[in-house]
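Scroll down for the structure; my scribbles are underneath it.
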Amino acid sequence: MATRPQEKPEVQELLQRHPAEIAEILSTLREEEAVELLRRLYLKRAAAPLGEMDPEEAARLLAELNRDEAVRILSHMDPDDAVDLLAELPQKMVEDILRRLEERERKELSELLSYPPDTAGGLMSPEVVALPQDMTCQEAIEALRRVAEEKETVYYAYVVDEDRRLIGVLSLRELVFAHPETPIREIMHTDVMSVPVHLDVEEVARLFDRYNFLALPVVDEEGRLLGIVTVDDVIDVIREEATEDMYRLAAAPLEERVDTPWYRALRLRLPWLGLSLPTALLAGSVVGAFEPVIARVVALAVFMPIIAKIGGNAGMQTVTIVTRGIALGEVPKGRGWRLLAKELILGVLDGLAVGAAVGAVAYAWRGNFFLGLVVGLAMTFNLVAGGVAGVAIPLTLRALRQDPALASAIFLTTVTDALGFFFLLGLGLLFIDRL
């Protein structure tokens with residue numbers, strides 16, 4: 001009888017670890033070392049760690065294996081994880097891998113790949129427990145025992161009719177304590193909540209957050225049960241969306257990570273820096289237009305970066321709060337005027353407080369009341385402008401059906417820099433004879 005070769009001690013120890021820990025180790029290794037470790041872990045055991053990794057990173061490792069090895073790994077992965085990984089591979093490679101899979105697996109993965117990745121269908125797993133309504137409780141328990149090892153989750157058992165339309169959900173506790181001969185249709189809950197297959201993943205995540213679900217069934221247009229979205233998949237969505245918003249607010253490339261090589265990071269960052277260059281030139285043109293004022297009152301140049309910086313900080317506070325509110329569904333359409341009114345009030349009050357402080361510093365420095373007045377008013381106006389822009393930019397992007405976090409920082413900085421310089425130097429021109 002053939003026996004499996006003796007594992008090296010470090011691999012034997014590694015097999016005792018959680019797949020997430022193995023995934024972390026794979027991520028720290030060079031690509032060739034990670035691929036070799038996958039082979040030594042035995043292909044079946046490599047599936048779970050790859051499912052825990054970032055799909056793009058896992059796809060790079062899988063692409064280094066030969067096709068038979070890749071197929072064996074994918075066949076042992078949860079379908080939703082396998083689809084995420086396949087979506088990162090070249091189309092020809094995907095087609096080749098699918099051809100090598102068994103018919104059932106090929107059909108299952110092909111169907112999942114047909115759904116957009118940012119929808120409930122692209123997030124779901126088809127491994128859902130669906131029981132016919134004419135089953136007894138005893139038959140249902142036996143059916144659950146048979147599929148327990150195959151299904152991703154048994155948080156809930158769903159009841160379907162003869163056309164697989166979702167008609168109810170079973171509480172596993174009630175199922176266990178019910179009389180064995182009781183039909184499950186008598187104990188099922190008919191007010192089951194489900195999500196349409198094409199619902200945006202952000203909306204799915206909001207439902208989980210609002211109702212604290214562990215899983216939600218996914219249905220098609222006719223109400224037929226297609227699959228299930230579980231809380232672990234939603235956590236991944238929340239993390240990815242939060243990361244995406246954070247990167248976009250900072251105008252950083254979404255593809256870059258801390259371990260991205262410098263030459264690739266350079267290629268990713270340059271376009272964003274190029275986008276910010278025209279906006280910086282716009283702010284510079286405002287300064288150029290008031291060059292004679294700066295030449296006569298050099299003291300104004302000292303306060304230019306202060307006013308622009310404080311206005312930008314105030315605007316970023318507003319942009320962050322409004323963008324988060326939009327992402328969480330807290331800013332329905334038509335509520336923008338209320339937000340603008342709030343920011344106008346805050347801008348005036350913050351502006352008066354900070355403007356008075358900066359104006360006092362200017363007066364103490366030069367002993368000129370009008371210099372303090374110009375600096376204080378410019379600060380007040382720019383804080384108001386920053387607050388208004390912080391509301392208007394994300395709401396405008398949403399109205400244009402763009403991500404509200406998309407380059408908001410670049411647009412906001414342009415507004416607060418250009419207007420800050422304009423207010424300070426324009427007021428300086430108005431009071432030039434008093435300065």
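Residue names in the structure tokens use chain letters A, B, ... in the order shown, residue numbers from 1 in each chain, and ligand numbers from 1 in the order shown.
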Lys309 (chain A): which residues within 10 Å, counting only C-alpha atoms, same-chain residues fewer than 6 positions away excluded, as a short mmCIF file (atom, residue, chain, number, x, y, z; two decimals) with N, CA and C atoms, in the first residue's frame?
data_model
loop_
_atom_site.label_atom_id
_atom_site.label_comp_id
_atom_site.auth_asym_id
_atom_site.auth_seq_id
_atom_site.Cartn_x
_atom_site.Cartn_y
_atom_site.Cartn_z
N PHE A 303 1.16 84.48 6.11
CA PHE A 303 -0.11 83.89 6.53
C PHE A 303 -0.81 83.09 5.43
N GLY A 315 -12.17 71.55 5.76
CA GLY A 315 -12.88 70.93 4.66
C GLY A 315 -12.76 69.42 4.67
N ASN A 382 -12.42 81.51 4.52
CA ASN A 382 -11.90 80.24 3.99
C ASN A 382 -12.44 79.04 4.76
N THR A 413 -8.67 70.58 -1.88
CA THR A 413 -7.44 71.36 -1.70
C THR A 413 -7.38 72.52 -2.70
N THR A 416 -9.80 75.29 -1.26
CA THR A 416 -9.33 75.99 -0.06
C THR A 416 -8.03 76.75 -0.31
N ASP A 417 -7.16 76.21 -1.17
CA ASP A 417 -5.93 76.94 -1.49
C ASP A 417 -6.23 78.19 -2.31
N GLY A 420 -8.48 80.61 -0.35
CA GLY A 420 -7.74 81.15 0.80
C GLY A 420 -6.79 82.26 0.36
#
Non-local contacts of Arg67 (chain A) (9 Å; only C-alpha atoms; under 6 positions in same chain excluded) as a short mmCIF file (atom, residue, chain, number, x, y, z; two decimals) with C-alpha atoms, in the first residue's frame:
data_model
loop_
_atom_site.label_atom_id
_atom_site.label_comp_id
_atom_site.auth_asym_id
_atom_site.auth_seq_id
_atom_site.Cartn_x
_atom_site.Cartn_y
_atom_site.Cartn_z
CA MET A 93 -6.20 30.76 -18.20
CA ASP A 96 -8.45 26.44 -19.59
CA ILE A 97 -8.97 25.78 -15.88
CA ARG A 100 -10.42 20.77 -16.74
#
Gly51 (chain A): which residues within 7 Å, counting only C-alpha atoms, same-chain residues fewer than 3 positions away excluded, as a VMD selection string? chain A and resid 47 to 48 77 81
Gap from CA of Leu277 (chain A) to CA of Ala418 (chain A) - Å, one decimal: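 CA of Ala418 (chain A) lies 13.4 Å from CA of Leu277 (chain A).
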Between CA of Val231 (chain A) and CA of Leu216 (chain A), what distance in Å does the model show, to one decimal?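 Distance reported for this atom pair: 8.5 Å.
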Would you pick out the contacts of Gly351 (chain A) at 8 Å or less, using only C-alpha atoms, so that residues sharing its chain but fewer than 3 positions from it are not included, and give the list as JSON, numbers by chain? {"A": [347, 348, 354, 355, 356, 379, 380, 381, 382, 383, 384]}
Just the selected residues (C-alpha atoms), exported as a short mmCIF file (atom, residue, chain, number, x, y, z; two decimals), in the first residue's frame, please.
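Contents of part.cif, as written:
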data_model
loop_
_atom_site.label_atom_id
_atom_site.label_comp_id
_atom_site.auth_asym_id
_atom_site.auth_seq_id
_atom_site.Cartn_x
_atom_site.Cartn_y
_atom_site.Cartn_z
CA GLY A 347 -17.88 77.60 9.22
CA VAL A 348 -18.93 81.01 10.51
CA VAL A 354 -9.90 80.78 14.65
CA GLY A 355 -9.87 84.02 12.66
CA ALA A 356 -9.86 86.07 15.84
CA MET A 379 -9.47 82.85 7.76
CA THR A 380 -13.20 83.15 8.50
CA PHE A 381 -14.15 83.20 4.82
CA ASN A 382 -11.90 80.24 3.99
CA LEU A 383 -13.28 78.09 6.81
CA VAL A 384 -16.79 78.77 5.53
#
Can you tell me, as a ChimeraX atom specification, which residues in region 63-233 of chain A count as helix (DSSP H, G or I) by DSSP? /A:63-64,67-75,79-86,91-100,103-113,120-123,137-147,172-177,184-186,201-211,231-233
Which one is closest to Gly359 (chain A): A:Ile345, A:Ile306, A:Leu37, A:Asp233? Count only C-alpha atoms. A:Ile306
Rounded to one decimal, what separation in Å do you get between CA of Gly428 (chain A) and CA of Leu377 (chain A)?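 Spanning CA of Gly428 (chain A) to CA of Leu377 (chain A) is a straight-line distance of 10.6 Å.
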